[in-house]
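Okay, final.txt is below, compact mmCIF, C-alpha atoms and all ligand atoms:
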# COMPACT_ATOMS: atom_id res chain seq x y z
CA MET A 1 154.04 85.87 124.95
CA ILE A 2 157.60 86.43 126.10
CA ASP A 3 158.37 86.31 129.82
CA ASN A 4 160.64 89.31 130.47
CA SER A 5 161.75 87.99 133.86
CA VAL A 6 164.31 85.67 132.20
CA PHE A 7 166.13 88.77 130.92
CA HIS A 8 166.39 90.37 134.37
CA ASN A 9 169.74 92.07 134.99
CA LEU A 10 171.24 90.94 131.68
CA LYS A 11 173.68 93.15 129.84
CA ALA A 12 174.46 93.03 126.13
CA ILE A 13 176.98 94.30 123.63
CA TYR A 14 176.43 94.61 119.87
CA HIS A 15 178.84 94.14 116.98
CA THR A 16 177.87 94.87 113.37
CA PHE A 17 179.64 93.95 110.15
CA GLY A 18 178.94 95.17 106.65
CA CYS A 19 176.50 97.65 105.22
CA LYS A 20 174.49 100.58 106.57
CA LEU A 21 171.44 98.36 106.38
CA ASN A 22 172.96 96.01 108.97
CA PHE A 23 173.69 98.97 111.24
CA ALA A 24 170.08 100.13 110.97
CA GLU A 25 168.88 96.63 111.84
CA THR A 26 171.28 96.19 114.78
CA SER A 27 169.83 99.38 116.25
CA THR A 28 166.36 97.92 116.00
CA ILE A 29 167.52 94.67 117.65
CA ALA A 30 169.12 96.68 120.48
CA ARG A 31 165.88 98.62 120.98
CA THR A 32 163.89 95.36 121.09
CA LEU A 33 166.21 93.85 123.72
CA ALA A 34 166.17 97.11 125.71
CA GLU A 35 162.36 96.93 125.81
CA ARG A 36 162.76 93.45 127.32
CA GLY A 37 164.96 94.94 130.06
CA ILE A 38 168.41 94.02 128.66
CA THR A 39 170.71 97.00 129.12
CA ARG A 40 173.89 97.78 127.20
CA ALA A 41 177.08 96.74 128.97
CA SER A 42 179.26 99.78 129.44
CA GLY A 43 183.07 99.90 129.01
CA ALA A 44 184.40 97.56 131.72
CA GLU A 45 181.21 95.54 132.31
CA ILE A 46 181.18 91.90 131.28
CA PRO A 47 178.24 91.22 128.95
CA ASP A 48 175.89 88.27 129.37
CA ILE A 49 174.79 88.58 125.75
CA VAL A 50 176.82 89.34 122.62
CA VAL A 51 174.88 90.09 119.45
CA VAL A 52 176.84 89.80 116.20
CA ASN A 53 175.11 90.98 113.00
CA THR A 54 177.18 89.46 110.22
CA CYS A 55 178.01 90.13 106.57
CA SER A 56 178.96 87.68 103.83
CA VAL A 57 179.82 89.97 100.94
CA THR A 58 183.27 88.38 100.46
CA GLU A 59 185.25 85.40 101.69
CA LEU A 60 187.18 87.82 103.88
CA ALA A 61 183.92 89.05 105.44
CA ASP A 62 183.04 85.46 106.44
CA LYS A 63 186.50 85.01 107.94
CA LYS A 64 186.30 88.23 109.96
CA CYS A 65 182.91 87.17 111.35
CA ARG A 66 184.33 83.80 112.46
CA GLN A 67 187.38 85.43 114.05
CA THR A 68 185.26 87.96 115.90
CA ILE A 69 182.86 85.34 117.27
CA ARG A 70 185.82 83.25 118.48
CA SER A 71 187.47 86.22 120.10
CA PHE A 72 184.23 87.25 121.86
CA HIS A 73 183.96 83.72 123.24
CA LYS A 74 187.54 83.84 124.46
CA ARG A 75 187.00 87.21 126.15
CA TYR A 76 183.54 86.41 127.55
CA PRO A 77 183.36 82.61 127.92
CA GLU A 78 180.12 82.80 129.91
CA ALA A 79 178.28 85.01 127.42
CA ALA A 80 175.57 83.73 125.10
CA ILE A 81 176.50 84.75 121.56
CA LEU A 82 173.58 85.53 119.24
CA VAL A 83 174.52 85.55 115.57
CA THR A 84 172.37 86.88 112.76
CA GLY A 85 172.76 88.52 109.32
CA CYS A 86 173.86 87.31 105.90
CA TYR A 87 176.66 84.97 107.03
CA ALA A 88 174.29 83.32 109.56
CA GLN A 89 171.70 82.93 106.79
CA LEU A 90 174.08 81.47 104.21
CA LYS A 91 176.32 79.34 106.47
CA SER A 92 174.16 78.55 109.47
CA GLU A 93 175.85 75.23 110.21
CA GLU A 94 179.30 76.78 110.13
CA VAL A 95 178.13 79.50 112.52
CA ALA A 96 176.35 77.04 114.84
CA ALA A 97 179.61 75.09 115.22
CA LEU A 98 181.55 78.11 116.52
CA PRO A 99 182.23 78.19 120.28
CA GLY A 100 179.80 80.08 122.50
CA VAL A 101 177.08 80.47 119.87
CA ALA A 102 173.68 80.21 121.56
CA VAL A 103 171.40 81.46 118.79
CA VAL A 104 171.71 81.48 115.00
CA ALA A 105 168.97 83.63 113.46
CA GLY A 106 168.67 83.90 109.68
CA ALA A 107 168.25 87.18 107.81
CA ASP A 108 164.50 87.15 108.14
CA ARG A 109 164.48 86.16 111.79
CA LYS A 110 166.77 88.80 113.23
CA MET A 111 163.89 90.79 114.71
CA GLU A 112 162.71 87.72 116.66
CA ILE A 113 165.99 87.37 118.47
CA ASP A 114 164.36 88.18 121.85
CA ARG A 115 162.11 85.12 121.46
CA PHE A 116 165.04 82.86 120.53
CA LEU A 117 167.06 84.18 123.45
CA GLU A 118 164.19 83.45 125.84
CA GLN A 119 164.07 79.88 124.49
CA TYR A 120 167.84 79.48 124.93
CA LEU A 121 167.77 80.84 128.49
CA ASN A 122 164.96 78.47 129.44
CA GLU A 123 166.20 75.33 127.70
CA HIS A 124 169.99 75.83 127.58
CA THR A 125 170.24 74.32 124.12
CA GLN A 126 171.35 76.10 121.00
CA VAL A 127 168.56 77.64 118.90
CA THR A 128 168.93 77.77 115.10
CA GLU A 129 166.18 79.53 113.15
CA VAL A 130 167.00 79.95 109.48
CA CYS A 131 164.45 79.66 106.69
CA ASP A 132 164.92 79.27 102.95
CA SER A 133 165.54 82.71 101.43
CA ARG A 134 162.65 82.09 98.99
CA GLU A 135 160.33 82.24 101.98
CA ILE A 136 161.55 85.67 103.02
CA THR A 137 158.76 88.05 102.03
CA GLU A 138 158.17 90.38 104.92
CA PHE A 139 159.70 93.85 105.19
CA ARG A 140 161.06 94.52 108.67
CA PRO A 141 161.74 98.16 109.50
CA GLY A 142 165.03 99.48 110.82
CA CYS A 143 166.31 102.91 111.70
CA SER A 144 169.61 103.54 113.44
CA ARG A 145 171.18 106.55 114.88
CA GLY A 146 174.73 106.94 113.52
CA ASP A 147 175.39 109.80 115.93
CA ARG A 148 173.29 112.72 117.15
CA THR A 149 173.29 114.19 113.67
CA ARG A 150 172.71 111.33 111.25
CA PHE A 151 170.18 108.50 111.04
CA PHE A 152 170.11 105.49 108.71
CA LEU A 153 166.60 104.63 107.58
CA LYS A 154 165.96 101.26 105.98
CA VAL A 155 163.50 101.78 103.12
CA GLN A 156 163.96 98.55 101.15
CA ASP A 157 165.38 95.04 101.59
CA GLY A 158 166.31 92.10 99.36
CA CYS A 159 167.13 92.02 95.66
CA ASP A 160 165.76 90.37 92.51
CA TYR A 161 168.68 91.20 90.25
CA TRP A 162 170.84 88.10 90.72
CA CYS A 163 174.10 89.59 89.49
CA SER A 164 176.33 86.63 88.77
CA TYR A 165 178.89 87.31 91.51
CA CYS A 166 176.52 88.25 94.34
CA THR A 167 175.06 86.20 97.19
CA ILE A 168 172.85 88.93 98.62
CA PRO A 169 169.57 87.79 96.95
CA ARG A 170 170.19 84.37 98.51
CA ALA A 171 170.94 85.88 101.91
CA ARG A 172 168.27 88.56 102.05
CA GLY A 173 165.49 87.28 99.84
CA ARG A 174 163.19 89.02 97.36
CA SER A 175 162.95 92.76 96.90
CA ARG A 176 160.43 94.35 99.27
CA SER A 177 159.98 97.71 100.91
CA GLY A 178 158.31 99.70 103.67
CA THR A 179 155.25 101.84 103.07
CA ILE A 180 155.69 105.54 102.37
CA ASP A 181 153.51 106.47 105.36
CA SER A 182 155.54 104.38 107.81
CA LEU A 183 158.86 105.69 106.46
CA VAL A 184 157.68 109.30 106.67
CA ALA A 185 156.63 108.62 110.28
CA GLN A 186 160.07 107.15 111.09
CA ALA A 187 161.76 110.19 109.50
CA ALA A 188 159.56 112.53 111.56
CA ASP A 189 160.51 110.55 114.67
CA ALA A 190 164.23 110.91 113.81
CA ALA A 191 163.69 114.69 113.48
CA ALA A 192 161.95 114.75 116.89
CA GLN A 193 165.04 113.05 118.38
CA GLY A 194 167.25 115.82 117.02
CA GLY A 195 168.35 114.12 113.78
CA ARG A 196 169.23 116.53 110.99
CA GLU A 197 170.31 114.12 108.28
CA ILE A 198 168.88 110.80 107.10
CA VAL A 199 170.63 108.31 104.84
CA LEU A 200 168.19 106.07 102.96
CA THR A 201 169.48 102.50 103.03
CA GLY A 202 168.49 99.24 101.42
CA VAL A 203 169.96 96.48 99.27
CA ASN A 204 168.58 97.86 95.99
CA VAL A 205 167.05 101.16 97.09
CA GLY A 206 165.89 102.28 93.64
CA ASP A 207 163.75 99.15 93.43
CA PHE A 208 161.57 100.59 96.21
CA GLY A 209 157.86 99.86 95.70
CA LYS A 210 158.44 96.81 93.48
CA GLY A 211 155.15 94.95 93.13
CA ARG A 212 153.16 98.04 94.13
CA THR A 213 152.15 101.21 92.34
CA ASP A 214 154.30 103.64 94.34
CA THR A 215 157.93 104.24 93.35
CA PHE A 216 161.21 105.43 94.81
CA PHE A 217 160.50 108.84 93.29
CA ASP A 218 157.19 108.99 95.22
CA LEU A 219 159.06 108.08 98.41
CA ILE A 220 161.74 110.75 98.12
CA ARG A 221 159.18 113.46 97.31
CA ALA A 222 157.20 112.50 100.42
CA LEU A 223 160.32 112.42 102.65
CA ASP A 224 161.44 115.80 101.31
CA ARG A 225 158.44 117.35 103.08
CA VAL A 226 159.38 116.00 106.55
CA GLU A 227 160.01 119.05 108.72
CA GLY A 228 163.18 119.17 110.79
CA ILE A 229 165.23 116.92 108.53
CA GLU A 230 167.54 119.21 106.61
CA ARG A 231 169.46 116.64 104.63
CA PHE A 232 168.68 113.36 102.92
CA ARG A 233 171.21 111.19 101.14
CA ILE A 234 170.61 108.06 99.08
CA SER A 235 173.14 105.44 100.19
CA SER A 236 173.49 103.88 96.72
CA ILE A 237 171.33 103.49 93.63
CA GLU A 238 171.69 101.24 90.58
CA PRO A 239 172.41 103.31 87.44
CA ASN A 240 169.41 101.92 85.55
CA LEU A 241 167.14 102.97 88.44
CA LEU A 242 168.56 106.47 88.81
CA THR A 243 166.03 108.06 86.48
CA ASP A 244 166.48 111.37 84.73
CA GLU A 245 163.45 112.71 86.59
CA ILE A 246 165.10 111.91 89.96
CA ILE A 247 168.30 113.70 88.92
CA ASP A 248 166.37 116.75 87.63
CA TRP A 249 164.19 116.87 90.73
CA VAL A 250 167.21 116.77 93.09
CA ALA A 251 168.79 119.51 90.94
CA THR A 252 165.87 121.90 90.82
CA GLU A 253 162.99 121.15 93.17
CA SER A 254 164.09 119.15 96.17
CA ARG A 255 164.37 120.98 99.48
CA ALA A 256 166.63 118.54 101.29
CA PHE A 257 168.07 115.84 98.98
CA MET A 258 171.77 116.52 98.80
CA PRO A 259 173.88 116.85 95.63
CA HIS A 260 175.40 113.44 96.27
CA PHE A 261 174.95 110.18 94.37
CA HIS A 262 176.57 106.80 94.89
CA ILE A 263 176.23 104.65 91.79
CA PRO A 264 177.68 101.13 91.45
CA LEU A 265 179.50 100.56 88.15
CA GLN A 266 181.38 97.32 89.04
CA ALA A 267 183.17 97.02 85.67
CA GLY A 268 184.05 99.51 82.97
CA SER A 269 183.75 97.17 79.96
CA ASP A 270 180.55 95.90 78.38
CA GLU A 271 181.95 92.37 78.18
CA VAL A 272 182.51 92.06 81.95
CA LEU A 273 179.22 93.86 82.74
CA ALA A 274 177.45 91.21 80.64
CA LEU A 275 179.28 88.39 82.46
CA MET A 276 178.25 90.00 85.74
CA ARG A 277 174.64 90.15 84.50
CA ARG A 278 174.40 93.82 85.32
CA ARG A 279 171.39 95.62 83.87
CA TYR A 280 173.15 98.43 81.99
CA ASP A 281 176.11 99.00 79.73
CA THR A 282 178.92 101.54 79.87
CA ALA A 283 177.04 103.90 77.51
CA LEU A 284 174.09 104.12 79.91
CA PHE A 285 176.42 104.61 82.87
CA ALA A 286 178.34 107.40 81.13
CA ARG A 287 175.04 109.10 80.20
CA LYS A 288 173.90 109.08 83.84
CA ILE A 289 177.17 110.60 85.05
CA GLU A 290 177.01 113.28 82.35
CA HIS A 291 173.40 114.05 83.27
CA VAL A 292 174.20 114.43 86.99
CA ARG A 293 177.20 116.61 86.20
CA ARG A 294 175.23 118.82 83.79
CA ALA A 295 172.26 119.21 86.16
CA ILE A 296 174.32 119.57 89.39
CA PRO A 297 177.91 120.56 88.54
CA HIS A 298 179.00 120.47 92.20
CA ALA A 299 177.50 116.99 92.97
CA PHE A 300 179.66 114.36 94.63
CA ILE A 301 179.52 111.15 92.61
CA GLY A 302 180.85 107.97 94.26
CA VAL A 303 181.23 104.81 92.19
CA ASP A 304 181.72 101.14 93.22
CA LEU A 305 184.07 98.99 91.20
CA ILE A 306 185.15 95.34 91.33
CA THR A 307 188.56 94.38 89.95
CA GLY A 308 189.61 90.96 88.70
CA ALA A 309 186.17 89.42 88.18
CA ARG A 310 186.26 86.18 86.22
CA GLY A 311 186.64 86.96 82.52
CA GLU A 312 188.36 90.31 83.08
CA THR A 313 191.42 89.94 80.84
CA ASP A 314 194.31 92.41 80.88
CA GLU A 315 192.79 94.10 77.84
CA LEU A 316 189.33 94.38 79.42
CA PHE A 317 190.81 95.75 82.62
CA GLU A 318 192.69 98.37 80.63
CA ARG A 319 189.45 99.29 78.88
CA SER A 320 187.76 99.57 82.26
CA ARG A 321 190.54 101.79 83.61
CA ARG A 322 190.31 104.11 80.62
CA PHE A 323 186.51 104.26 80.91
CA VAL A 324 186.67 105.17 84.60
CA GLU A 325 189.45 107.68 83.98
CA GLY A 326 187.19 109.47 81.50
CA LEU A 327 184.25 109.77 83.92
CA ASP A 328 183.79 113.04 85.80
CA ILE A 329 183.29 111.36 89.18
CA SER A 330 184.50 112.17 92.70
CA ARG A 331 185.63 108.89 94.22
CA LEU A 332 185.79 105.14 93.67
CA HIS A 333 185.10 102.34 96.17
CA VAL A 334 187.24 99.50 94.91
CA PHE A 335 186.84 95.82 95.85
CA PRO A 336 188.91 92.94 94.48
CA TYR A 337 186.55 90.23 93.22
CA SER A 338 185.81 87.49 95.75
CA GLU A 339 184.62 84.00 94.79
CA ARG A 340 181.31 83.24 96.53
CA PRO A 341 179.90 79.73 96.79
CA SER A 342 176.79 78.88 94.74
CA THR A 343 177.05 81.94 92.49
CA LYS A 344 176.70 81.80 88.69
CA ALA A 345 180.07 83.53 88.38
CA LEU A 346 181.75 80.24 89.28
CA ASP A 347 180.76 78.93 85.81
CA ILE A 348 182.67 81.72 84.05
CA ASP A 349 186.12 80.93 82.63
CA GLY A 350 189.10 83.16 83.07
CA VAL A 351 189.98 83.14 86.76
CA VAL A 352 192.17 86.14 87.59
CA PRO A 353 195.07 85.35 89.94
CA GLN A 354 194.83 86.91 93.40
CA ALA A 355 197.94 89.08 92.93
CA VAL A 356 196.58 90.49 89.66
CA LYS A 357 193.19 91.29 91.26
CA HIS A 358 194.95 93.21 94.00
CA ALA A 359 197.36 94.99 91.64
CA ARG A 360 194.36 96.13 89.58
CA ALA A 361 192.56 97.26 92.73
CA ASN A 362 195.61 99.31 93.76
CA GLU A 363 195.73 100.92 90.33
CA MET A 364 192.07 101.90 90.63
CA ILE A 365 192.59 103.17 94.18
CA ARG A 366 195.34 105.49 92.91
CA LEU A 367 192.95 106.71 90.23
CA SER A 368 190.32 107.28 92.92
CA GLU A 369 192.76 109.34 95.01
CA ALA A 370 193.50 111.56 92.01
CA LYS A 371 189.77 111.95 91.27
CA TRP A 372 188.94 112.86 94.87
CA THR A 373 191.77 115.40 95.09
CA ALA A 374 190.79 117.05 91.79
CA PHE A 375 187.13 117.18 92.87
CA ALA A 376 187.93 118.64 96.30
CA ASN A 377 190.28 121.24 94.83
CA ARG A 378 187.45 122.62 92.69
CA PHE A 379 185.89 124.08 95.82
CA ILE A 380 188.89 125.74 97.43
CA GLY A 381 188.10 129.40 98.11
CA THR A 382 184.33 128.82 97.94
CA GLY A 383 181.76 128.60 100.74
CA ARG A 384 179.69 125.47 101.39
CA PRO A 385 177.20 124.48 104.11
CA VAL A 386 178.69 122.02 106.64
CA LEU A 387 176.64 120.03 109.15
CA LEU A 388 178.91 119.94 112.21
CA GLU A 389 179.23 116.71 114.18
CA HIS A 390 180.42 116.00 117.76
CA PRO A 391 183.73 117.54 118.79
CA GLN A 392 186.48 115.02 117.96
CA ALA A 393 187.95 113.05 120.85
CA ASP A 394 191.59 113.74 119.94
CA GLY A 395 191.25 117.51 120.29
CA ARG A 396 191.21 118.10 116.53
CA PRO A 397 188.85 120.79 115.19
CA MET A 398 185.18 119.91 114.86
CA ALA A 399 184.34 118.40 111.50
CA GLY A 400 181.36 117.70 109.30
CA PHE A 401 180.31 117.12 105.73
CA THR A 402 179.42 119.66 103.10
CA ASP A 403 176.19 119.24 101.15
CA ASN A 404 178.30 117.60 98.44
CA TYR A 405 179.92 115.13 100.80
CA LEU A 406 183.34 116.63 101.43
CA ARG A 407 184.62 116.13 104.96
CA VAL A 408 185.86 119.41 106.42
CA GLU A 409 187.62 120.25 109.68
CA VAL A 410 186.38 123.67 110.71
CA SER A 411 189.11 125.52 112.64
CA ASP A 412 186.85 127.98 114.50
CA ALA A 413 183.80 125.76 115.19
CA THR A 414 182.79 125.55 118.86
CA PRO A 415 180.99 122.72 120.71
CA GLU A 416 177.65 124.58 120.90
CA MET A 417 177.58 124.45 117.07
CA ASP A 418 177.31 120.65 117.22
CA ASN A 419 174.47 119.42 114.97
CA THR A 420 174.03 122.76 113.23
CA ILE A 421 174.72 123.82 109.65
CA VAL A 422 177.29 126.58 109.19
CA ASN A 423 178.62 128.19 106.04
CA VAL A 424 182.31 127.34 105.70
CA ARG A 425 185.02 128.73 103.43
CA LEU A 426 187.11 125.80 102.16
CA GLU A 427 190.79 126.55 102.47
CA SER A 428 192.98 123.50 101.90
CA VAL A 429 192.88 119.85 100.91
CA ASN A 430 194.62 116.91 102.59
CA PRO A 431 194.50 114.02 100.09
CA GLU A 432 195.94 111.54 102.61
CA THR A 433 193.01 111.81 104.98
CA GLU A 434 190.54 112.91 102.31
CA THR A 435 189.67 115.88 104.48
CA LEU A 436 189.56 119.62 103.83
CA THR A 437 190.12 122.46 106.25
CA GLY A 438 188.02 125.60 106.42
CA SER A 439 186.66 128.38 108.60
CA ILE A 440 183.22 129.78 109.21
CA ILE A 441 182.03 132.63 106.99
CA ARG A 442 180.58 135.19 109.39
CA GLN A 443 178.20 137.79 107.95
S1 LIG A 501 171.95 94.58 92.41
FE1 LIG A 501 173.30 92.87 92.01
S2 LIG A 501 175.10 93.30 93.33
FE2 LIG A 501 173.41 94.56 94.10
S3 LIG A 501 172.48 93.29 95.72
FE3 LIG A 501 171.33 92.92 93.83
S4 LIG A 501 172.31 91.08 92.98
FE4 LIG A 501 173.73 91.92 94.49
Please re-express this file's structure in structure tokens.
Amino acid sequence: MIDNSVFHNLKAIYHTFGCKLNFAETSTIARTLAERGITRASGAEIPDIVVVNTCSVTELADKKCRQTIRSFHKRYPEAAILVTGCYAQLKSEEVAALPGVAVVAGADRKMEIDRFLEQYLNEHTQVTEVCDSREITEFRPGCSRGDRTRFFLKVQDGCDYWCSYCTIPRARGRSRSGTIDSLVAQAADAAAQGGREIVLTGVNVGDFGKGRTDTFFDLIRALDRVEGIERFRISSIEPNLLTDEIIDWVATESRAFMPHFHIPLQAGSDEVLALMRRRYDTALFARKIEHVRRAIPHAFIGVDLITGARGETDELFERSRRFVEGLDISRLHVFPYSERPSTKALDIDGVVPQAVKHARANEMIRLSEAKWTAFANRFIGTGRPVLLEHPQADGRPMAGFTDNYLRVEVSDATPEMDNTIVNVRLESVNPETETLTGSIIRQ
């Protein structure tokens, strides 16, 4: 039993690194602390508590977490800093040694942060609670409000794939998921709060239901029936788990799942995919893209790519570039490969120099810009539904996303249209900001 009186008058701020999943979980942590009586510190207020939800996807991510924790301590020397997330799970000792850190809570313990804080406030000694990732078995829910319009709903956590370059299975544990009933209830709750769009998040979303009889397809069909939510998006799905029946269902039967897929490729040669221990080859990937394009010609297709992984020779990179160039996709998310401790990738020969990794990333980013511009230009002169978001602070026109994930500034939108869907004629493309302009089609 936690004694709420120790939290009396405390104010907190929250800082999140990394993926949408982390954002969903930070929201849940903030709600838990609010129920204990800890309010959010506003603009000029000095917080008593700083919660940092960390990421460890690359070496750079670790560094940014360290820098941020140090700078919070410098700015708020009296504040108790609570650190959780993947970096806290994987490098708990490193985190515990940083100045001002009061609590280190591993990936599985982040929802118990109120209990650890109570302990710290009573005993004034640092609390470190990190278990072995093999012991992480429980699914902890999370749903965050991105803004008034969009919510991020955590449907799955952990991963059993063990790709050779990735530390996430070690940080987040085995694949596990929420129940369909509880997720439908959370979606209905988001609708009751005025949410119009929900993004389904997880580490390996398509693996939903692993170890049970229900599947990701069952989940999305159940969510599709939630009244009030007009749009669902799937944050990312492994190509081998994006089944033909899901694509066909989104194309023909779904009420609210948007024509938008994000599919990690990571490398465009079979040799590097095998070194990465990915569960598909380029032929399967190309088939999936062709299927989406055939079934939903206007679908936005985003693709993740890593450049300069160990073993990626000049020739294999060139093969990858040509493969990606030939795919009818809308955008790439490019990451230079980052060495992670304790990963199998460290046993692979053929280290790619840093400068080469970055040069390859830049080449792929240029390709991505060309792909996005060509995709966006296909829709000039046509009308598409746009879900309008808050008026922008800098006085620019209100903006929102089309069903197929194009960001549009709508010249004649007015503040009362916030959080509504309007039909917009797309008029021009700005490749630099990856934004279109348009105006409302009035009947
Ligand atoms: S699928 Fe591979 S890259 Fe993605 S989280 Fe799992 S192990 Fe990491």
Near-ligand residues for ligand LIG 501 (chain A), threshold 10 Å, all atoms listed in the file, as number ranges by chain | A: 57, 157-172, 174-175, 202-207, 236-238, 264-266, 276-279
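Pairwise distance (atom CA of Asp270 of chain A, atom CA of Pro336 of chain A) equals 18.4 Å.
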Counting all atoms listed in the file, give me one row per residue of segment 321-422 of chain A with an atom at most 9 Å from an atom of segment 241-258 of chain A, showing the shortest contact pair and its distance in Å to one decimal, sorted by chain then residue number, as a Markdown table.
| residue | atom | partner | partner_atom | distance |
| --- | --- | --- | --- | --- |
| A:Asp403 | CA | A:Met258 | CA | 5.7 |
| A:Asn404 | CA | A:Met258 | CA | 6.6 |
| A:Tyr405 | CA | A:Met258 | CA | 8.5 |
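The nearest approach to Ala44 of chain A among the residues A:Tyr120, A:Tyr280, A:Tyr76, A:Phe323, with all atoms listed in the file taken into account, belongs to A:Tyr76.
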Work out how far atom CA of Phe217 of chain A is from atom CA of Lys371 of chain A, in Å to one decimal.
-> 29.5 Å
